[in-house]
Amino acid sequence: MEKLILRRVDRQNEEMILNFGPQHPSTHGVINFLVETDGEVLKRATPDVGYLHRSIEKIGELVGYPGFMPYTDRVDYVAAMFANEGYAIAVERLLKIEVPQRAQWLRAISCELCRIASHLVSVGTMVMDIGAFTPMLHGIRERETINDLLEALCGARLTYNYHRIGGVAFDLPEGWRDKVLHFLDHFDKFLAEFDRLISFNEIYVKRLANVAVIPGPMAINYGLVGPNLRGSGVDWDVRRDLPYGAYPNFKFDVPVGKGFFGTAGDSFDRYYVRCLEMAESSKIVRQALDSLPEGEITAKVPRNIKPEAGEALGRVESARGELAYYVISDGTNKAYRVRARTGSFTAMCIIEDISRGLMVADLVALISSLDVVAPEIDR
Amino acid sequence: MNAPAIKNQDLSKGPGRTARGVVLATLAVGFGLPTILLAAVLVLSPLSKPAMLAAALRAAGVDVSGWSQTGQYALWLVAMAVLALILVSFGAVISGMTVWWEMRVSARMQSRIGYNRVGAAGFFQWIADAVKLLLKEDLIPADADRLLFRAAPYFVLVGFALVFVALPFGESLIAADLNVGIFYITAVTALVVVGILVAGWSSNSKWALFGGMRSAAQVISYEIPAGLAVMVPVLMSGTLSMQGIIRSQGAWPWEWHALTNPFALVAFAIFFVAQLAEGNRTPFDLPEAESELVAGYLSEYSAFRFALFFLVEFGNLWVMSAISVTLFFGGWQVPFAGPAVFEAARGTGDLPGLGWWGLQLASMLVFVAKTLVLLNVVVWVRWTLPRIRVDQMMSLCWKYLVPFAFVCFVATLLWQILVARVPATAPVVGGLMLVAAVVAGFSFLRLTRRNISAVGDRVDFTNW
């Protein structure tokens with residue numbers, strides 16, 4: 001950082017240093033990029049993170065196991081269900097308890113709905129960053145219905161706090177199943193309309209195809225996860241390859257970027273993989289609602305949770321890729337260490353490498369195609 | 001402590017009814033304001049000619065023929081000044097109303113409600129916004145070039161206002177029918193880019209500089225295809241005068257320039273795209289690309305200076321639509337009312353007869369209607385398309401628009417020599433192109449309908 005500031009004095013090379021953020025319309029939260037540009041072409045864009053650090057991991061050591069659950073919502077508030085689920089799974093592994101089947105199904109349903117909501121925000125803001133406003137609001141409109149559904153399910157629209165250690169908080173409300181199915185019928189048609197409206201728009205495709213290509217091996221090296229990794233053509237999905245919860249019971253495809261309009265791993269692939277994933281999530285929710293088992297929604301969990309000393313890892317496939325909680329217990333009622341590994345943070349790392357030689361407008365496309373969410377970077 | 005009772009609002013019932021007085025006031029202003037301004041243009045623009053002015057005053061009982069030369073000149077100057085004021089006011093009002101209309105249309109496209117607070121359908125929002133901007137502090141950044149920063153909005157405003165000198169409204173309704181009309185308009189609109197460039201430079205902000213540079217590159221590049229495309233109707237009419245170009249067309253669609261020659265249609269497409277780019281409209285809104293440059297050259301502007309930029313940006317919609325209508329879509333030509341009808345209605349007296357004024361009104365209505373249709377297309381494009389990138393913007397201009405505009409130019413030359421000389425070809429070509437246009441429009445509507453029903457939606461014009 002000091003080097004950058006020093007170099008500003010150097011008038012020999014005609015570079016401009018821009019503070020792209022922390023308050024900038026397309027950084028999606030408070031992130032700063034130190035951008036060195038030569039006209040419209042970027043020399044380099046250095047991410048500067050930490051504006052949203054809230055010590056959530058430290059809080060996990062200070063409050064009890066169940067008490068940390070509402071905090072996990074804040075790890076990734078665009079897709080809070082997954083942050084709940086990952087932590088719940090990690091603590092359940094510490095406690096060695098079996099989650100009832102119905103609870104696992106409910107977890108899958110709520111998570112997949114949340115994935116659709118999160119992807120709608122992702123593709124919507126991406127479209128907006130490319131300059132089209134209307135498709136974004138169409139996405140937000142559909143997300144509103146999901147918010148209503150999840151509100152009916154757990155009483156919250158953004159930070160759900162729905163998953164509990166050993167199960168979920170509430171059973172399905174009356175008539176909820178039909179509402180979800182009704183929404184999904186509409187939503188599948190909406191996806192087709194969204195593609196017609198913007199995904200295959202000539203200008204949109206030209207803006208994203210072959211821009212900011214991340215080859216598969218590079219994506220693996222940088223630890224990209226989730227749709228960003230799959231966009232680069234790497235076929236990896238925690239739901240399928242390290243199955244957890246109810247997922248082994250569902251049939252779904254894992255969309256992989258294969259250069260739909262350009263090179264595998266370009267911005268369009270990362271975008272379109274998300275569009276395809278929404279359709280898959282819709283399939284999973286349908287299957288889960290059809291095969292929903294009866295029974296309890298929580299396991300018998302002691303009131304005062306005191307796991308034996310040990311450690312556990314809970315990995316889930318979040319909307320932003322693999323989300324892992326690593327929890328160490330020292331046998332007391334508070335965790336010795338809680339660590340959250342999130343997809344956005346690694347996605348930020350790759351920006352500096354990829355951004356060389358891009359244009360300013362491409363940087364915006366790159367950032368939004370990686371779908372970084374500021375609180376998930378910093379926690 | 002008691003929590004305040006949350007009012008349980010039933011959203012399914014829709015918004016409450018607007019009070020009748022508010023609706024009436026909105027309708028009165030919404031239709032009254034443009035009507036008054038257009039009526040003033042209707043009356044004043046023919047009367048601002050010295051002979052007509054003298055005749056009108058004589059009819060009113062004031063004989064100016066006895067006045068000194070200077071006195072008559074001063075009188076005419078006053079008339080022109082009033083007309084200029086009216087025209088600029090019209091530009092400002094139409095700009096504000098375009099903002100309101102665009103916001104309502106975009107809200108409709110995006111499943112939002114849109115303006116709905118001030119007046120019926122939020123119509124007075126543009127006035128409220130303007131008043132708010134006037135009351136705001138006029139901030140000038142500490143390191144800005146104060147003189148240039150203050151001057152920039154006036155360049156933009158002047159570039160916009162001067163266009164109205166040669167912008168037609170009807171058969172005899174034009175401030176000055178310059179014999180170099182379209183050339184003059186192309187020249188004065190270039191002032192706008194000077195203003196934007198100055199704004200970008202003087203703000204001493206990196207974002208503003210980016211915006212200013214992009215704007216300069218964009219507007220100057222796109223003036224070339226625009227200028228070449230303009231040459232096509234000029235070739236077809238044999239004049240640069242705006243009224244002359246309209247007079248060489250007819251009232252019916254097959255007599256319009258755009259539909260009498262396939263190359264003119266292509267030229268219109270090129271001109272339209274270039275005008276979008278010069279007006280900084282999506283997909284060419286690069287100079288103020290919000291997601292990239294925050295607000296581009298506008299970043300540091302506030303209050304009244306910002307309002308001026310805003311006014312020009314939206315006023316330009318009217319200007320670009322009116323120019324396109326003039327050049328390609330028959331302007332104010334009224335069906336069944338050729339030059340002979342106008343001549344007959346005018347009579348032989350010093351002042352034209354009442355029928356002539358009626359015809360002028362009809363021609364004005366035709367022109368306004370056509371312009372509003374095109375204006376809506378611009379709005380529609382803006383809320384549908386994403387933004388293109390700088391390099392794509394340049395390559396679109398230089399690799400596609402400029403060569404195609406050249407081709408159209410040369411082809412029109414040949415067309416005028418080889419085809420247009422034979423009078424029998426005009427109805428054939430016009431008829432064929434009209435049929436093609438109708439078929440294209442019809443299939444477009446069918447596709448739209450199919451797309452709407454594919455989502456389980458239906459065409460619905462209620463609930464505005």
# chains A, B, ... in the order shown; residues from 1 in each chain; ligands from 1
>>> residues_around(residues="segment 383-398 of chain B", least_positions_apart="6", cutoff="7 Å", atoms="only C-alpha atoms", output="MDAnalysis selection string")
(chainID A and resid 130:134 203:204 207 361) or (chainID B and resid 106 221:222 282:285)
>>> residues_around(residues="segment 39-49 of chain A", least_positions_apart="6", cutoff="6 Å", atoms="only C-alpha atoms", output="list in words")
Ile31, Asn32, Phe33, Glu352, Ser355, Arg356, Gly357, Leu358, Met359 and Val360 of chain A
>>> write_last_selection(atoms="all heavy atoms", output="PDB file, in the first residue's frame")
ATOM      1  N   ILE A  31     -16.204  -2.188  -0.009  1.00  0.00           N
ATOM      2  CA  ILE A  31     -14.935  -2.776  -0.405  1.00  0.00           C
ATOM      3  C   ILE A  31     -14.197  -1.674  -1.139  1.00  0.00           C
ATOM      4  O   ILE A  31     -14.819  -0.859  -1.819  1.00  0.00           O
ATOM      5  CB  ILE A  31     -15.111  -3.958  -1.381  1.00  0.00           C
ATOM      6  CG1 ILE A  31     -16.193  -4.899  -0.900  1.00  0.00           C
ATOM      7  CG2 ILE A  31     -13.802  -4.689  -1.569  1.00  0.00           C
ATOM      8  CD1 ILE A  31     -16.594  -5.906  -1.949  1.00  0.00           C
ATOM      9  N   ASN A  32     -12.902  -1.664  -1.019  1.00  0.00           N
ATOM     10  CA  ASN A  32     -12.140  -0.663  -1.757  1.00  0.00           C
ATOM     11  C   ASN A  32     -11.216  -1.386  -2.731  1.00  0.00           C
ATOM     12  O   ASN A  32     -10.675  -2.435  -2.415  1.00  0.00           O
ATOM     13  CB  ASN A  32     -11.323   0.181  -0.773  1.00  0.00           C
ATOM     14  CG  ASN A  32     -10.687   1.363  -1.451  1.00  0.00           C
ATOM     15  OD1 ASN A  32     -11.056   1.705  -2.569  1.00  0.00           O
ATOM     16  ND2 ASN A  32      -9.741   1.973  -0.785  1.00  0.00           N
ATOM     17  N   PHE A  33     -11.081  -0.821  -3.899  1.00  0.00           N
ATOM     18  CA  PHE A  33     -10.077  -1.316  -4.833  1.00  0.00           C
ATOM     19  C   PHE A  33      -9.148  -0.164  -5.146  1.00  0.00           C
ATOM     20  O   PHE A  33      -9.611   0.918  -5.512  1.00  0.00           O
ATOM     21  CB  PHE A  33     -10.719  -1.803  -6.133  1.00  0.00           C
ATOM     22  CG  PHE A  33     -11.533  -3.022  -5.973  1.00  0.00           C
ATOM     23  CD1 PHE A  33     -12.867  -2.940  -5.639  1.00  0.00           C
ATOM     24  CD2 PHE A  33     -10.980  -4.275  -6.133  1.00  0.00           C
ATOM     25  CE1 PHE A  33     -13.637  -4.063  -5.470  1.00  0.00           C
ATOM     26  CE2 PHE A  33     -11.747  -5.409  -5.972  1.00  0.00           C
ATOM     27  CZ  PHE A  33     -13.061  -5.300  -5.638  1.00  0.00           C
ATOM     28  N   GLU A 352      -6.843  -9.274  -8.173  1.00  0.00           N
ATOM     29  CA  GLU A 352      -5.594  -8.572  -8.468  1.00  0.00           C
ATOM     30  C   GLU A 352      -4.882  -9.216  -9.657  1.00  0.00           C
ATOM     31  O   GLU A 352      -4.330  -8.527 -10.509  1.00  0.00           O
ATOM     32  CB  GLU A 352      -4.678  -8.587  -7.241  1.00  0.00           C
ATOM     33  CG  GLU A 352      -3.415  -7.787  -7.480  1.00  0.00           C
ATOM     34  CD  GLU A 352      -2.647  -7.539  -6.209  1.00  0.00           C
ATOM     35  OE1 GLU A 352      -3.148  -7.889  -5.133  1.00  0.00           O
ATOM     36  OE2 GLU A 352      -1.541  -6.993  -6.309  1.00  0.00           O
ATOM     37  N   SER A 355      -7.175  -8.842 -13.019  1.00  0.00           N
ATOM     38  CA  SER A 355      -7.579  -7.510 -13.486  1.00  0.00           C
ATOM     39  C   SER A 355      -6.549  -6.844 -14.389  1.00  0.00           C
ATOM     40  O   SER A 355      -6.850  -5.815 -14.975  1.00  0.00           O
ATOM     41  CB  SER A 355      -7.863  -6.615 -12.288  1.00  0.00           C
ATOM     42  OG  SER A 355      -6.682  -6.438 -11.551  1.00  0.00           O
ATOM     43  N   ARG A 356      -5.349  -7.388 -14.504  1.00  0.00           N
ATOM     44  CA  ARG A 356      -4.336  -6.722 -15.332  1.00  0.00           C
ATOM     45  C   ARG A 356      -4.784  -6.641 -16.777  1.00  0.00           C
ATOM     46  O   ARG A 356      -5.134  -7.647 -17.385  1.00  0.00           O
ATOM     47  CB  ARG A 356      -3.019  -7.488 -15.256  1.00  0.00           C
ATOM     48  CG  ARG A 356      -2.325  -7.222 -13.965  1.00  0.00           C
ATOM     49  CD  ARG A 356      -0.847  -7.596 -14.013  1.00  0.00           C
ATOM     50  NE  ARG A 356      -0.354  -7.543 -12.643  1.00  0.00           N
ATOM     51  CZ  ARG A 356      -0.256  -8.608 -11.848  1.00  0.00           C
ATOM     52  NH1 ARG A 356      -0.550  -9.783 -12.317  1.00  0.00           N
ATOM     53  NH2 ARG A 356       0.144  -8.480 -10.612  1.00  0.00           N
ATOM     54  N   GLY A 357      -4.768  -5.450 -17.321  1.00  0.00           N
ATOM     55  CA  GLY A 357      -5.096  -5.292 -18.727  1.00  0.00           C
ATOM     56  C   GLY A 357      -6.572  -5.223 -19.034  1.00  0.00           C
ATOM     57  O   GLY A 357      -6.947  -5.049 -20.181  1.00  0.00           O
ATOM     58  N   LEU A 358      -7.399  -5.355 -18.005  1.00  0.00           N
ATOM     59  CA  LEU A 358      -8.824  -5.186 -18.257  1.00  0.00           C
ATOM     60  C   LEU A 358      -9.144  -3.700 -18.391  1.00  0.00           C
ATOM     61  O   LEU A 358      -8.332  -2.850 -18.088  1.00  0.00           O
ATOM     62  CB  LEU A 358      -9.639  -5.759 -17.093  1.00  0.00           C
ATOM     63  CG  LEU A 358      -9.637  -7.251 -16.876  1.00  0.00           C
ATOM     64  CD1 LEU A 358     -10.534  -7.581 -15.707  1.00  0.00           C
ATOM     65  CD2 LEU A 358     -10.120  -7.974 -18.109  1.00  0.00           C
ATOM     66  N   MET A 359     -10.372  -3.429 -18.822  1.00  0.00           N
ATOM     67  CA  MET A 359     -10.801  -2.037 -18.839  1.00  0.00           C
ATOM     68  C   MET A 359     -11.598  -1.768 -17.568  1.00  0.00           C
ATOM     69  O   MET A 359     -12.001  -2.700 -16.880  1.00  0.00           O
ATOM     70  CB  MET A 359     -11.661  -1.768 -20.067  1.00  0.00           C
ATOM     71  CG  MET A 359     -10.993  -2.247 -21.323  1.00  0.00           C
ATOM     72  SD  MET A 359     -11.687  -1.524 -22.794  1.00  0.00           S
ATOM     73  CE  MET A 359     -11.095   0.123 -22.713  1.00  0.00           C
ATOM     74  N   VAL A 360     -11.822  -0.489 -17.292  1.00  0.00           N
ATOM     75  CA  VAL A 360     -12.531  -0.154 -16.054  1.00  0.00           C
ATOM     76  C   VAL A 360     -13.895  -0.844 -16.025  1.00  0.00           C
ATOM     77  O   VAL A 360     -14.322  -1.385 -15.006  1.00  0.00           O
ATOM     78  CB  VAL A 360     -12.706   1.376 -15.941  1.00  0.00           C
ATOM     79  CG1 VAL A 360     -13.522   1.716 -14.713  1.00  0.00           C
ATOM     80  CG2 VAL A 360     -11.360   2.049 -15.854  1.00  0.00           C
TER      81      VAL A 360
END
>>> interface_residues(of="chain A", to="chain B", cutoff="9 Å", atoms="only C-alpha atoms", output="VMD selection string")
chain A and resid 16 to 18 20 24 to 27 39 to 40 127 to 138 141 186 to 190 192 to 193 196 to 198 201 203 to 204 206 to 207 359 to 364
>>> atom_distance(atom1="atom CA of Thr125 of chain A", atom2="atom CA of His28 of chain A")
8.4 Å
>>> residues_around(residues="Asn304 of chain A", least_positions_apart="4", cutoff="10 Å", atoms="only C-alpha atoms", output="mmCIF file with N, CA, C and O atoms, in the first residue's frame")
data_model
loop_
_atom_site.group_PDB
_atom_site.id
_atom_site.type_symbol
_atom_site.label_atom_id
_atom_site.label_comp_id
_atom_site.auth_asym_id
_atom_site.auth_seq_id
_atom_site.Cartn_x
_atom_site.Cartn_y
_atom_site.Cartn_z
ATOM 1 N N GLY A 64 -22.397 -18.870 23.809
ATOM 2 C CA GLY A 64 -22.548 -20.314 23.798
ATOM 3 C C GLY A 64 -22.866 -20.832 22.410
ATOM 4 O O GLY A 64 -23.067 -20.053 21.473
ATOM 5 N N TYR A 65 -22.922 -22.155 22.278
ATOM 6 C CA TYR A 65 -23.144 -22.739 20.953
ATOM 7 C C TYR A 65 -24.457 -22.305 20.324
ATOM 8 O O TYR A 65 -24.486 -21.837 19.194
ATOM 9 N N PRO A 66 -25.604 -22.433 21.055
ATOM 10 C CA PRO A 66 -26.855 -22.013 20.400
ATOM 11 C C PRO A 66 -26.900 -20.506 20.211
ATOM 12 O O PRO A 66 -27.487 -20.005 19.262
ATOM 13 N N THR A 332 -16.083 -27.159 27.296
ATOM 14 C CA THR A 332 -16.946 -26.234 28.027
ATOM 15 C C THR A 332 -18.167 -25.900 27.167
ATOM 16 O O THR A 332 -18.335 -26.425 26.070
ATOM 17 N N ASN A 333 -19.010 -24.975 27.665
ATOM 18 C CA ASN A 333 -20.214 -24.643 26.908
ATOM 19 C C ASN A 333 -19.958 -23.538 25.897
ATOM 20 O O ASN A 333 -20.888 -23.013 25.320
#
>>> residues_around(residues="segment 432-445 of chain B", least_positions_apart="3", cutoff="7 Å", atoms="only C-alpha atoms", output="PyMOL selection string")
chain B and resi 254+259+428-429+448-449
>>> write_last_selection(atoms="all heavy atoms", output="JSON list (two decimals), in the first residue's frame")
[["chain", "number", "residue", "atom", "x", "y", "z"],
["B", 254, "TRP", "N", -45.80, 6.42, -47.16],
["B", 254, "TRP", "CA", -44.99, 6.03, -48.32],
["B", 254, "TRP", "C", -44.34, 7.24, -48.98],
["B", 254, "TRP", "O", -43.57, 7.07, -49.92],
["B", 254, "TRP", "CB", -45.83, 5.25, -49.32],
["B", 254, "TRP", "CG", -47.07, 5.95, -49.79],
["B", 254, "TRP", "CD1", -47.15, 6.84, -50.81],
["B", 254, "TRP", "CD2", -48.37, 5.84, -49.25],
["B", 254, "TRP", "NE1", -48.42, 7.29, -50.94],
["B", 254, "TRP", "CE2", -49.21, 6.70, -49.99],
["B", 254, "TRP", "CE3", -48.93, 5.10, -48.20],
["B", 254, "TRP", "CZ2", -50.56, 6.83, -49.72],
["B", 254, "TRP", "CZ3", -50.27, 5.23, -47.94],
["B", 254, "TRP", "CH2", -51.08, 6.09, -48.69],
["B", 259, "LEU", "N", -39.20, 5.87, -46.00],
["B", 259, "LEU", "CA", -39.84, 4.77, -46.70],
["B", 259, "LEU", "C", -39.86, 4.96, -48.22],
["B", 259, "LEU", "O", -40.57, 4.24, -48.92],
["B", 259, "LEU", "CB", -41.27, 4.57, -46.17],
["B", 259, "LEU", "CG", -41.36, 4.12, -44.71],
["B", 259, "LEU", "CD1", -42.81, 3.94, -44.30],
["B", 259, "LEU", "CD2", -40.61, 2.84, -44.46],
["B", 428, "VAL", "N", -44.26, 2.61, -56.10],
["B", 428, "VAL", "CA", -43.94, 1.18, -55.99],
["B", 428, "VAL", "C", -43.03, 0.94, -54.80],
["B", 428, "VAL", "O", -43.31, 0.12, -53.91],
["B", 428, "VAL", "CB", -43.28, 0.68, -57.30],
["B", 428, "VAL", "CG1", -42.92, -0.79, -57.16],
["B", 428, "VAL", "CG2", -44.20, 0.93, -58.49],
["B", 429, "VAL", "N", -41.91, 1.70, -54.77],
["B", 429, "VAL", "CA", -40.95, 1.50, -53.68],
["B", 429, "VAL", "C", -41.59, 1.84, -52.35],
["B", 429, "VAL", "O", -41.49, 1.08, -51.37],
["B", 429, "VAL", "CB", -39.70, 2.38, -53.92],
["B", 429, "VAL", "CG1", -38.74, 2.24, -52.75],
["B", 429, "VAL", "CG2", -39.02, 1.99, -55.21],
["B", 448, "THR", "N", -44.18, -10.11, -29.19],
["B", 448, "THR", "CA", -44.34, -9.53, -27.85],
["B", 448, "THR", "C", -45.46, -10.24, -27.10],
["B", 448, "THR", "O", -45.31, -10.63, -25.94],
["B", 448, "THR", "CB", -44.68, -8.04, -27.98],
["B", 448, "THR", "OG1", -43.77, -7.44, -28.88],
["B", 448, "THR", "CG2", -44.62, -7.34, -26.65],
["B", 449, "ARG", "N", -46.57, -10.42, -27.78],
["B", 449, "ARG", "CA", -47.71, -11.07, -27.16],
["B", 449, "ARG", "C", -47.37, -12.48, -26.72],
["B", 449, "ARG", "O", -47.72, -12.92, -25.64],
["B", 449, "ARG", "CB", -48.86, -11.12, -28.18],
["B", 449, "ARG", "CG", -50.18, -10.69, -27.64],
["B", 449, "ARG", "CD", -51.21, -11.00, -28.67],
["B", 449, "ARG", "NE", -52.03, -12.07, -28.16],
["B", 449, "ARG", "CZ", -53.32, -11.93, -27.93],
["B", 449, "ARG", "NH1", -53.90, -10.80, -28.21],
["B", 449, "ARG", "NH2", -54.02, -12.92, -27.46]]
>>> closest_residue(among="A:Ile59, A:Ala264, A:Ile165, A:Cys349", to="Ala212 of chain A", atoms="only C-alpha atoms")
A:Ala264
>>> atom_distance(atom1="atom CA of Tyr297 of chain B", atom2="atom CA of Leu133 of chain B")
17.7 Å
>>> residues_around(residues="segment 299-312 of chain B", least_positions_apart="6", cutoff="10 Å", atoms="only C-alpha atoms", output="VMD selection string")
chain B and resid 91 to 96 98 to 99 129 to 141 144 149 to 161 192 195 to 196 199 to 200 202 to 209 211 279 288 290 293 319
>>> atom_distance(atom1="atom CA of Ala108 of chain A", atom2="atom CA of Tyr162 of chain A")
12.0 Å
>>> residues_around(residues="Glu294 of chain A", least_positions_apart="2", cutoff="9 Å", atoms="only C-alpha atoms", output="mmCIF file with N, CA, C and O atoms, in the first residue's frame")
data_model
loop_
_atom_site.group_PDB
_atom_site.id
_atom_site.type_symbol
_atom_site.label_atom_id
_atom_site.label_comp_id
_atom_site.auth_asym_id
_atom_site.auth_seq_id
_atom_site.Cartn_x
_atom_site.Cartn_y
_atom_site.Cartn_z
ATOM 1 N N GLN A 101 -34.970 -36.823 9.848
ATOM 2 C CA GLN A 101 -35.103 -36.720 8.376
ATOM 3 C C GLN A 101 -35.884 -35.481 7.962
ATOM 4 O O GLN A 101 -35.487 -34.753 7.076
ATOM 5 N N ARG A 102 -37.014 -35.253 8.622
ATOM 6 C CA ARG A 102 -37.853 -34.120 8.220
ATOM 7 C C ARG A 102 -37.069 -32.812 8.335
ATOM 8 O O ARG A 102 -37.187 -31.940 7.463
ATOM 9 N N LEU A 292 -41.264 -35.214 1.198
ATOM 10 C CA LEU A 292 -41.037 -34.735 2.557
ATOM 11 C C LEU A 292 -41.483 -35.772 3.582
ATOM 12 O O LEU A 292 -42.663 -36.132 3.634
ATOM 13 N N GLU A 296 -40.226 -35.776 13.535
ATOM 14 C CA GLU A 296 -39.755 -34.664 14.355
ATOM 15 C C GLU A 296 -39.000 -33.659 13.495
ATOM 16 O O GLU A 296 -38.481 -33.992 12.430
ATOM 17 N N ILE A 297 -38.923 -32.417 13.993
ATOM 18 C CA ILE A 297 -38.098 -31.441 13.282
ATOM 19 C C ILE A 297 -36.843 -31.074 14.066
ATOM 20 O O ILE A 297 -36.008 -30.338 13.578
#
>>> closest_atom_pairs(of="segment 77-172 of chain B", to="segment 26-38 of chain B", cutoff="8 Å", atoms="only C-alpha atoms", output="tab-separated table")
residue	atom	partner	partner_atom	distance
B:Ile86	CA	B:Leu37	CA	6.5
B:Leu87	CA	B:Leu37	CA	7.8
B:Ser89	CA	B:Leu37	CA	7.7
B:Phe90	CA	B:Leu37	CA	6.0
B:Val93	CA	B:Pro34	CA	7.3
B:Ile94	CA	B:Pro34	CA	7.4
B:Gly119	CA	B:Thr26	CA	6.0
B:Ala120	CA	B:Thr26	CA	5.9
B:Phe123	CA	B:Thr26	CA	6.7
B:Phe124	CA	B:Thr26	CA	7.5
>>> closest_residue(among="A:Gly223, A:Gly310, A:Pro70, A:Gly216", to="Tyr87 of chain A", atoms="only C-alpha atoms")
A:Pro70
>>> closest_residue(among="B:Val194, B:Ala264, B:Val366, B:Leu228", to="Trp252 of chain B", atoms="only C-alpha atoms")
B:Val366
>>> residues_around(residues="segment 97-100 of chain A", least_positions_apart="2", cutoff="6 Å", atoms="only C-alpha atoms", output="PyMOL selection string")
chain A and resi 92+95+102-103+166-167+299
